[in-house]
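Enquirer: coords33.cif (mmCIF, C-alpha atoms) pasted underneath:
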data_my_file
#
loop_
_atom_site.label_atom_id
_atom_site.label_comp_id
_atom_site.auth_asym_id
_atom_site.auth_seq_id
_atom_site.Cartn_x
_atom_site.Cartn_y
_atom_site.Cartn_z
CA MET A 1 9.21 13.59 17.23
CA LYS A 2 7.33 10.41 18.13
CA VAL A 3 8.25 7.52 15.82
CA LEU A 4 6.67 4.09 15.32
CA ASN A 5 8.80 1.29 13.89
CA VAL A 6 6.67 -1.74 12.89
CA PHE A 7 8.12 -4.84 11.26
CA TYR A 8 7.50 -8.50 10.51
CA SER A 9 10.46 -10.85 10.09
CA VAL A 10 10.47 -14.59 9.46
CA SER A 11 14.17 -15.17 8.78
CA GLY A 12 15.72 -12.23 10.62
CA ASN A 13 16.56 -10.11 7.56
CA THR A 14 13.86 -7.50 8.18
CA LYS A 15 14.56 -7.53 11.91
CA LYS A 16 18.17 -6.45 11.22
CA ILE A 17 16.89 -3.45 9.26
CA ALA A 18 14.23 -2.60 11.85
CA LEU A 19 16.68 -2.68 14.74
CA GLN A 20 19.04 -0.38 12.82
CA ILE A 21 16.14 2.00 12.22
CA GLU A 22 15.38 1.99 15.94
CA LYS A 23 19.04 2.62 16.83
CA THR A 24 19.36 5.52 14.39
CA VAL A 25 16.07 7.15 15.43
CA LYS A 26 17.18 7.04 19.08
CA ALA A 27 20.62 8.43 18.18
CA GLN A 28 18.87 11.34 16.46
CA GLY A 29 17.13 12.14 19.77
CA HIS A 30 13.64 10.99 18.87
CA GLU A 31 11.27 8.78 20.84
CA VAL A 32 10.68 5.43 19.12
CA ASP A 33 8.38 2.49 19.77
CA THR A 34 9.35 -0.70 17.94
CA ILE A 35 6.73 -3.41 17.44
CA GLU A 36 7.55 -6.79 15.96
CA VAL A 37 4.40 -8.14 14.34
CA THR A 38 3.62 -11.84 14.72
CA LYS A 39 0.64 -13.96 13.72
CA ASN A 40 -0.79 -13.15 17.17
CA THR A 41 -0.52 -9.37 16.97
CA ASP A 42 -3.89 -7.80 17.74
CA LYS A 43 -5.15 -4.83 15.71
CA ASP A 44 -5.40 -2.76 18.87
CA THR A 45 -1.67 -3.18 19.55
CA ILE A 46 -0.87 -0.67 16.81
CA ASP A 47 -2.26 2.87 16.69
CA PHE A 48 -0.54 4.67 13.84
CA LEU A 49 -2.30 7.93 14.61
CA LYS A 50 -0.40 8.39 17.89
CA TYR A 51 2.82 8.91 15.91
CA ASP A 52 4.34 11.65 13.77
CA PHE A 53 6.52 9.33 11.70
CA VAL A 54 6.06 5.63 10.91
CA PHE A 55 8.44 3.04 9.48
CA VAL A 56 6.83 -0.22 8.33
CA GLY A 57 8.71 -3.17 6.87
CA THR A 58 8.46 -6.85 6.06
CA GLY A 59 10.03 -9.51 3.89
CA VAL A 60 8.72 -10.46 0.47
CA TYR A 61 7.08 -13.86 -0.03
CA VAL A 62 6.03 -14.76 -3.57
CA TRP A 63 5.82 -11.05 -4.47
CA LEU A 64 3.60 -10.12 -1.52
CA PRO A 65 3.73 -9.42 2.20
CA PRO A 66 3.24 -12.51 4.38
CA GLN A 67 -0.35 -13.53 5.06
CA ASP A 68 -0.03 -12.59 8.75
CA VAL A 69 0.65 -8.98 7.71
CA VAL A 70 -2.17 -8.96 5.14
CA ASP A 71 -4.62 -10.21 7.78
CA LEU A 72 -3.44 -7.67 10.34
CA TRP A 73 -3.62 -4.80 7.82
CA LYS A 74 -7.23 -5.75 6.99
CA ASN A 75 -8.14 -5.80 10.68
CA ILE A 76 -6.44 -2.47 11.36
CA GLN A 77 -8.12 -0.94 8.32
CA MET A 78 -11.55 -2.05 9.53
CA LYS A 79 -10.80 -0.65 13.00
CA TYR A 80 -10.04 2.75 11.50
CA VAL A 81 -13.00 2.64 9.09
CA LYS A 82 -15.38 1.90 11.97
CA SER A 83 -13.88 4.68 14.10
CA GLY A 84 -14.24 7.17 11.23
CA ASP A 85 -10.48 7.78 10.99
CA ILE A 86 -10.38 6.57 7.38
CA LYS A 87 -12.31 9.04 5.26
CA VAL A 88 -13.65 8.35 1.77
CA TYR A 89 -11.31 10.92 0.21
CA ALA A 90 -8.28 10.14 2.46
CA PRO A 91 -7.32 13.74 3.33
CA ARG A 92 -3.73 14.35 4.43
CA ARG A 93 -3.08 14.74 8.14
CA ALA A 94 -0.66 17.48 9.10
CA ASN A 95 2.82 16.29 10.09
CA LYS A 96 2.14 12.59 9.55
CA LYS A 97 4.83 10.89 7.45
CA ALA A 98 5.83 7.33 6.71
CA VAL A 99 8.42 5.13 5.04
CA THR A 100 7.64 1.59 3.90
CA TYR A 101 10.33 -0.95 3.13
CA CYS A 102 11.01 -4.59 2.45
CA THR A 103 13.78 -7.14 2.41
CA PHE A 104 13.94 -9.47 -0.56
CA ALA A 105 16.13 -12.00 -2.34
CA GLY A 106 14.83 -11.45 -5.89
CA PRO A 107 16.48 -14.48 -7.47
CA HIS A 108 14.27 -14.56 -10.54
CA THR A 109 13.35 -11.01 -11.54
CA GLY A 110 15.35 -8.94 -9.08
CA ARG A 111 13.81 -5.90 -7.44
CA ASN A 112 10.64 -6.33 -9.51
CA GLU A 113 9.66 -9.19 -7.20
CA ALA A 114 9.62 -6.76 -4.27
CA ILE A 115 7.90 -3.68 -5.72
CA PRO A 116 4.33 -4.57 -4.65
CA VAL A 117 5.17 -4.99 -0.94
CA PRO A 118 6.05 -1.42 0.13
CA LYS A 119 3.12 -0.16 -1.97
CA TYR A 120 0.76 -2.56 -0.19
CA LEU A 121 2.11 -1.57 3.23
CA GLY A 122 1.74 2.10 2.38
CA GLN A 123 -1.90 1.95 1.34
CA LEU A 124 -3.17 1.66 4.91
CA LEU A 125 -1.08 4.66 5.92
CA ASP A 126 -2.13 6.63 2.83
CA HIS A 127 -5.79 5.89 3.64
CA LEU A 128 -5.14 7.26 7.14
CA GLY A 129 -3.79 10.50 5.69
CA PHE A 130 -0.06 9.87 6.13
CA GLU A 131 2.30 11.08 3.45
CA VAL A 132 4.27 7.99 2.41
CA ILE A 133 7.43 9.82 1.42
CA THR A 134 9.47 6.91 0.10
CA GLU A 135 9.77 3.15 -0.30
CA TRP A 136 13.00 1.32 0.49
CA PHE A 137 14.25 -2.02 -0.81
CA PHE A 138 16.99 -4.05 0.92
CA GLU A 139 18.58 -7.21 -0.42
CA GLY A 140 18.39 -10.13 1.97
CA GLN A 141 19.74 -13.64 1.87
CA PHE A 142 17.16 -16.25 0.85
CA ASN A 143 16.79 -18.42 3.94
CA ASN A 144 15.40 -21.90 3.47
CA LYS A 145 16.38 -25.20 5.08
CA ASP A 146 16.13 -27.00 1.73
CA SER A 147 19.60 -26.86 0.12
CA PHE A 148 17.98 -26.57 -3.33
CA TYR A 149 17.38 -22.90 -2.56
CA ASP A 150 21.06 -22.14 -1.82
CA GLN A 151 21.51 -21.30 -5.51
CA PHE A 152 19.05 -18.41 -5.08
CA ASN A 153 21.70 -16.63 -3.02
CA THR A 154 24.48 -16.88 -5.60
CA LYS A 155 23.02 -17.36 -9.08
CA GLY A 156 20.02 -15.03 -9.11
CA ARG A 157 19.65 -11.57 -10.59
CA MET A 158 20.84 -9.91 -7.38
CA GLY A 159 24.22 -11.65 -7.56
CA ASN A 160 25.76 -13.04 -4.40
CA ILE A 161 23.52 -12.01 -1.52
CA ILE A 162 24.87 -14.41 1.10
CA GLY A 163 24.90 -12.69 4.48
CA ARG A 164 22.74 -9.77 3.39
CA PRO A 165 21.67 -7.51 4.89
CA ASN A 166 25.26 -6.98 6.06
CA GLU A 167 27.15 -4.20 7.85
CA ASP A 168 27.31 -2.10 4.66
CA ASP A 169 23.55 -2.40 4.29
CA LEU A 170 23.05 -1.34 7.90
CA LYS A 171 25.31 1.70 7.38
CA ARG A 172 23.12 2.58 4.41
CA VAL A 173 20.01 2.25 6.61
CA ASP A 174 21.60 4.54 9.20
CA SER A 175 22.32 7.17 6.55
CA MET A 176 18.87 6.90 4.98
CA VAL A 177 17.04 7.15 8.32
CA SER A 178 19.17 10.10 9.42
CA GLY A 179 18.30 11.93 6.22
CA ILE A 180 14.61 11.08 6.01
CA LEU A 181 13.88 12.27 9.54
CA HIS A 182 14.66 15.82 8.33
CA VAL A 183 12.00 15.75 5.60
#
Can the structure from this file be put into structure tokens for me?
Expert:
Amino acid sequence: MKVLNVFYSVSGNTKKIALQIEKTVKAQGHEVDTIEVTKNTDKDTIDFLKYDFVFVGTGVYVWLPPQDVVDLWKNIQMKYVKSGDIKVYAPRRANKKAVTYCTFAGPHTGRNEAIPVPKYLGQLLDHLGFEVITEWFFEGQFNNKDSFYDQFNTKGRMGNIIGRPNEDDLKRVDSMVSGILHV
């Protein structure tokens, strides 16, 4: 199976998850291309339709994906609309599956702060005819140079999230990826 692993990471939390996904996919004997999105990523760098299975992840910033991802998704969507690959009724493509995920701190309202992000990421894939089979949420330490925000890692609704994602989280990713590739 040909797998695409796309991620955007500002603080390194999402990158930890993405690299574990890559490692597990390879260990399962599949081909994987991993692309780290930056503000300079061109829409033509990513062609989802070349892949059987896609993982897409990012961090959560004020309940949304970062603006760089939003801009890229709009550009990719327009590319596929113009090429005719996005149809008005978004028919399913055979053997095209995806997982969307995010890393989040959730100090105020917990996981609810993160819910919109995997849904947003999945809409482009859904429009392309992929079956988005699940959405994953991973706790990640709130990283900010201003010490005021340190309390977000210990006093928020997620409890103490210092050092997350940690080795236990990465073991969970390994297990989840191993299972989902059989769907």
Enquirer: Please evaluate the PyMOL selection byres ((chain A and resi 110) around 12) against the structure above and give the resulting residues as a list of chain:residue names.
Expert: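 So the PyMOL selection byres ((chain A and resi 110) around 12) ends up selecting A:Val60, A:Trp63, A:Thr103, A:Phe104, A:Ala105, A:Gly106, A:Pro107, A:His108, A:Thr109, A:Arg111, A:Asn112, A:Glu113, A:Ala114, A:Ile115, A:Phe137, A:Phe138, A:Glu139, A:Gly140, A:Phe152, A:Asn153, A:Lys155, A:Gly156, A:Arg157, A:Met158, A:Gly159, A:Ile161.
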Enquirer: Could you give me, as a list in words, the residues within 8 Å of Asp52 of chain A, counting all atoms listed in the file and dropping anything in the same chain fewer than 6 positions from it?
Expert: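 Answer for this query is Met1, Lys2, Val3, Asn95, Lys96 and Lys97 of chain A.
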Enquirer: Please produce a file of the residues just selected, as an mmCIF file, keeping the file's coordinate frame, where the atoms kept are C-alpha atoms.
Expert:
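File written: again12.cif
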data_model
loop_
_atom_site.group_PDB
_atom_site.id
_atom_site.type_symbol
_atom_site.label_atom_id
_atom_site.label_comp_id
_atom_site.auth_asym_id
_atom_site.auth_seq_id
_atom_site.Cartn_x
_atom_site.Cartn_y
_atom_site.Cartn_z
ATOM 1 C CA MET A 1 9.210 13.590 17.230
ATOM 2 C CA LYS A 2 7.330 10.410 18.130
ATOM 3 C CA VAL A 3 8.250 7.520 15.820
ATOM 4 C CA ASN A 95 2.820 16.290 10.090
ATOM 5 C CA LYS A 96 2.140 12.590 9.550
ATOM 6 C CA LYS A 97 4.830 10.890 7.450
#
Enquirer: Mind telling me what the PyMOL selection byres ((chain A and resi 126-133) around 12) catches here, as a PDB file with C-alpha atoms, keeping the file's coordinate frame?
Expert:
ATOM      1  CA  ASP A  47      -2.260   2.870  16.690  1.00  0.00           C
ATOM      2  CA  PHE A  48      -0.540   4.670  13.840  1.00  0.00           C
ATOM      3  CA  LEU A  49      -2.300   7.930  14.610  1.00  0.00           C
ATOM      4  CA  LYS A  50      -0.400   8.390  17.890  1.00  0.00           C
ATOM      5  CA  TYR A  51       2.820   8.910  15.910  1.00  0.00           C
ATOM      6  CA  ASP A  52       4.340  11.650  13.770  1.00  0.00           C
ATOM      7  CA  PHE A  53       6.520   9.330  11.700  1.00  0.00           C
ATOM      8  CA  VAL A  54       6.060   5.630  10.910  1.00  0.00           C
ATOM      9  CA  PHE A  55       8.440   3.040   9.480  1.00  0.00           C
ATOM     10  CA  VAL A  56       6.830  -0.220   8.330  1.00  0.00           C
ATOM     11  CA  TRP A  73      -3.620  -4.800   7.820  1.00  0.00           C
ATOM     12  CA  ILE A  76      -6.440  -2.470  11.360  1.00  0.00           C
ATOM     13  CA  GLN A  77      -8.120  -0.940   8.320  1.00  0.00           C
ATOM     14  CA  MET A  78     -11.550  -2.050   9.530  1.00  0.00           C
ATOM     15  CA  LYS A  79     -10.800  -0.650  13.000  1.00  0.00           C
ATOM     16  CA  TYR A  80     -10.040   2.750  11.500  1.00  0.00           C
ATOM     17  CA  VAL A  81     -13.000   2.640   9.090  1.00  0.00           C
ATOM     18  CA  SER A  83     -13.880   4.680  14.100  1.00  0.00           C
ATOM     19  CA  GLY A  84     -14.240   7.170  11.230  1.00  0.00           C
ATOM     20  CA  ASP A  85     -10.480   7.780  10.990  1.00  0.00           C
ATOM     21  CA  ILE A  86     -10.380   6.570   7.380  1.00  0.00           C
ATOM     22  CA  LYS A  87     -12.310   9.040   5.260  1.00  0.00           C
ATOM     23  CA  VAL A  88     -13.650   8.350   1.770  1.00  0.00           C
ATOM     24  CA  TYR A  89     -11.310  10.920   0.210  1.00  0.00           C
ATOM     25  CA  ALA A  90      -8.280  10.140   2.460  1.00  0.00           C
ATOM     26  CA  PRO A  91      -7.320  13.740   3.330  1.00  0.00           C
ATOM     27  CA  ARG A  92      -3.730  14.350   4.430  1.00  0.00           C
ATOM     28  CA  ARG A  93      -3.080  14.740   8.140  1.00  0.00           C
ATOM     29  CA  ALA A  94      -0.660  17.480   9.100  1.00  0.00           C
ATOM     30  CA  ASN A  95       2.820  16.290  10.090  1.00  0.00           C
ATOM     31  CA  LYS A  96       2.140  12.590   9.550  1.00  0.00           C
ATOM     32  CA  LYS A  97       4.830  10.890   7.450  1.00  0.00           C
ATOM     33  CA  ALA A  98       5.830   7.330   6.710  1.00  0.00           C
ATOM     34  CA  VAL A  99       8.420   5.130   5.040  1.00  0.00           C
ATOM     35  CA  THR A 100       7.640   1.590   3.900  1.00  0.00           C
ATOM     36  CA  TYR A 101      10.330  -0.950   3.130  1.00  0.00           C
ATOM     37  CA  PRO A 118       6.050  -1.420   0.130  1.00  0.00           C
ATOM     38  CA  LYS A 119       3.120  -0.160  -1.970  1.00  0.00           C
ATOM     39  CA  TYR A 120       0.760  -2.560  -0.190  1.00  0.00           C
ATOM     40  CA  LEU A 121       2.110  -1.570   3.230  1.00  0.00           C
ATOM     41  CA  GLY A 122       1.740   2.100   2.380  1.00  0.00           C
ATOM     42  CA  GLN A 123      -1.900   1.950   1.340  1.00  0.00           C
ATOM     43  CA  LEU A 124      -3.170   1.660   4.910  1.00  0.00           C
ATOM     44  CA  LEU A 125      -1.080   4.660   5.920  1.00  0.00           C
ATOM     45  CA  THR A 134       9.470   6.910   0.100  1.00  0.00           C
ATOM     46  CA  GLU A 135       9.770   3.150  -0.300  1.00  0.00           C
ATOM     47  CA  TRP A 136      13.000   1.320   0.490  1.00  0.00           C
ATOM     48  CA  ILE A 180      14.610  11.080   6.010  1.00  0.00           C
ATOM     49  CA  LEU A 181      13.880  12.270   9.540  1.00  0.00           C
ATOM     50  CA  HIS A 182      14.660  15.820   8.330  1.00  0.00           C
ATOM     51  CA  VAL A 183      12.000  15.750   5.600  1.00  0.00           C
TER      52      VAL A 183
END
Enquirer: Which residue is closest to Gly59 of chain A? Choose from A:Val25, A:Ile35, A:Cys102, A:Leu170 and count only C-alpha atoms.
Expert: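 Under the stated criterion, the closest residue is A:Cys102.
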Enquirer: Would you kindly translate the PyMOL selection byres ((chain A and resi 68) around 10) into the concrete residues it picks from this file, as a list in words?
Expert: Tyr8, Val37, Thr38, Lys39, Asn40, Thr41, Pro65, Pro66, Gln67, Val69, Val70, Asp71, Leu72 and Trp73 of chain A
Enquirer: Go ahead and compute the interatomic distance for atom CA of Gly163 of chain A and atom CA of Gln151 of chain A, in Å to one decimal.
Expert: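 That distance, rounded to one decimal, is 13.6 Å.
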Enquirer: Kindly give the distance, in Å, that separates atom CA of Ser178 of chain A and atom CA of Lys26 of chain A, rounded to a single decimal.
Expert: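 Atom CA of Ser178 of chain A sits 10.3 Å away from atom CA of Lys26 of chain A.
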Enquirer: If you count only C-alpha atoms, which residues fall within 7 Å of Glu22 of chain A, apart from same-chain ones fewer than 2 positions away, as JSON, numbers by chain?
Expert: {"A": [5, 18, 19, 20, 24, 25, 26, 32, 34]}
Enquirer: Mind completing segment 119-138 of chain A with N, CA and C atoms? Output as a PDB file, in the coordinates of the input, please?
Expert:
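What follows is the written file selection_14.pdb:
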ATOM      1  N   LYS A 119       4.350  -0.831  -1.517  1.00  0.00           N
ATOM      2  CA  LYS A 119       3.120  -0.160  -1.970  1.00  0.00           C
ATOM      3  C   LYS A 119       1.922  -0.666  -1.174  1.00  0.00           C
ATOM      4  N   TYR A 120       1.851  -1.983  -0.985  1.00  0.00           N
ATOM      5  CA  TYR A 120       0.760  -2.560  -0.190  1.00  0.00           C
ATOM      6  C   TYR A 120       0.796  -2.023   1.236  1.00  0.00           C
ATOM      7  N   LEU A 121       1.979  -2.052   1.858  1.00  0.00           N
ATOM      8  CA  LEU A 121       2.110  -1.570   3.230  1.00  0.00           C
ATOM      9  C   LEU A 121       1.683  -0.108   3.352  1.00  0.00           C
ATOM     10  N   GLY A 122       2.019   0.674   2.348  1.00  0.00           N
ATOM     11  CA  GLY A 122       1.740   2.100   2.380  1.00  0.00           C
ATOM     12  C   GLY A 122       0.282   2.465   2.195  1.00  0.00           C
ATOM     13  N   GLN A 123      -0.496   1.599   1.607  1.00  0.00           N
ATOM     14  CA  GLN A 123      -1.900   1.950   1.340  1.00  0.00           C
ATOM     15  C   GLN A 123      -2.687   2.205   2.619  1.00  0.00           C
ATOM     16  N   LEU A 124      -2.475   1.422   3.646  1.00  0.00           N
ATOM     17  CA  LEU A 124      -3.170   1.660   4.910  1.00  0.00           C
ATOM     18  C   LEU A 124      -2.808   3.045   5.454  1.00  0.00           C
ATOM     19  N   LEU A 125      -1.532   3.369   5.414  1.00  0.00           N
ATOM     20  CA  LEU A 125      -1.080   4.660   5.920  1.00  0.00           C
ATOM     21  C   LEU A 125      -1.601   5.804   5.057  1.00  0.00           C
ATOM     22  N   ASP A 126      -1.602   5.621   3.753  1.00  0.00           N
ATOM     23  CA  ASP A 126      -2.130   6.630   2.830  1.00  0.00           C
ATOM     24  C   ASP A 126      -3.623   6.853   3.098  1.00  0.00           C
ATOM     25  N   HIS A 127      -4.359   5.781   3.316  1.00  0.00           N
ATOM     26  CA  HIS A 127      -5.790   5.890   3.640  1.00  0.00           C
ATOM     27  C   HIS A 127      -6.008   6.657   4.945  1.00  0.00           C
ATOM     28  N   LEU A 128      -5.047   6.545   5.867  1.00  0.00           N
ATOM     29  CA  LEU A 128      -5.140   7.260   7.140  1.00  0.00           C
ATOM     30  C   LEU A 128      -4.716   8.727   7.033  1.00  0.00           C
ATOM     31  N   GLY A 129      -4.201   9.114   5.884  1.00  0.00           N
ATOM     32  CA  GLY A 129      -3.790  10.500   5.690  1.00  0.00           C
ATOM     33  C   GLY A 129      -2.311  10.757   5.876  1.00  0.00           C
ATOM     34  N   PHE A 130      -1.514   9.707   6.050  1.00  0.00           N
ATOM     35  CA  PHE A 130      -0.060   9.870   6.130  1.00  0.00           C
ATOM     36  C   PHE A 130       0.495  10.142   4.741  1.00  0.00           C
ATOM     37  N   GLU A 131       1.550  10.914   4.682  1.00  0.00           N
ATOM     38  CA  GLU A 131       2.300  11.080   3.450  1.00  0.00           C
ATOM     39  C   GLU A 131       3.379   9.998   3.441  1.00  0.00           C
ATOM     40  N   VAL A 132       3.253   9.026   2.548  1.00  0.00           N
ATOM     41  CA  VAL A 132       4.270   7.990   2.410  1.00  0.00           C
ATOM     42  C   VAL A 132       5.356   8.585   1.524  1.00  0.00           C
ATOM     43  N   ILE A 133       6.456   9.008   2.148  1.00  0.00           N
ATOM     44  CA  ILE A 133       7.430   9.820   1.420  1.00  0.00           C
ATOM     45  C   ILE A 133       8.430   9.013   0.604  1.00  0.00           C
ATOM     46  N   THR A 134       8.595   7.743   0.921  1.00  0.00           N
ATOM     47  CA  THR A 134       9.470   6.910   0.100  1.00  0.00           C
ATOM     48  C   THR A 134       9.263   5.440   0.410  1.00  0.00           C
ATOM     49  N   GLU A 135       9.779   4.605  -0.461  1.00  0.00           N
ATOM     50  CA  GLU A 135       9.770   3.150  -0.300  1.00  0.00           C
ATOM     51  C   GLU A 135      11.216   2.682  -0.424  1.00  0.00           C
ATOM     52  N   TRP A 136      11.635   1.835   0.494  1.00  0.00           N
ATOM     53  CA  TRP A 136      13.000   1.320   0.490  1.00  0.00           C
ATOM     54  C   TRP A 136      13.005  -0.164   0.216  1.00  0.00           C
ATOM     55  N   PHE A 137      14.076  -0.617  -0.457  1.00  0.00           N
ATOM     56  CA  PHE A 137      14.250  -2.020  -0.810  1.00  0.00           C
ATOM     57  C   PHE A 137      15.636  -2.474  -0.360  1.00  0.00           C
ATOM     58  N   PHE A 138      15.707  -3.550   0.413  1.00  0.00           N
ATOM     59  CA  PHE A 138      16.990  -4.050   0.920  1.00  0.00           C
ATOM     60  C   PHE A 138      17.153  -5.518   0.542  1.00  0.00           C
TER      61      PHE A 138
END
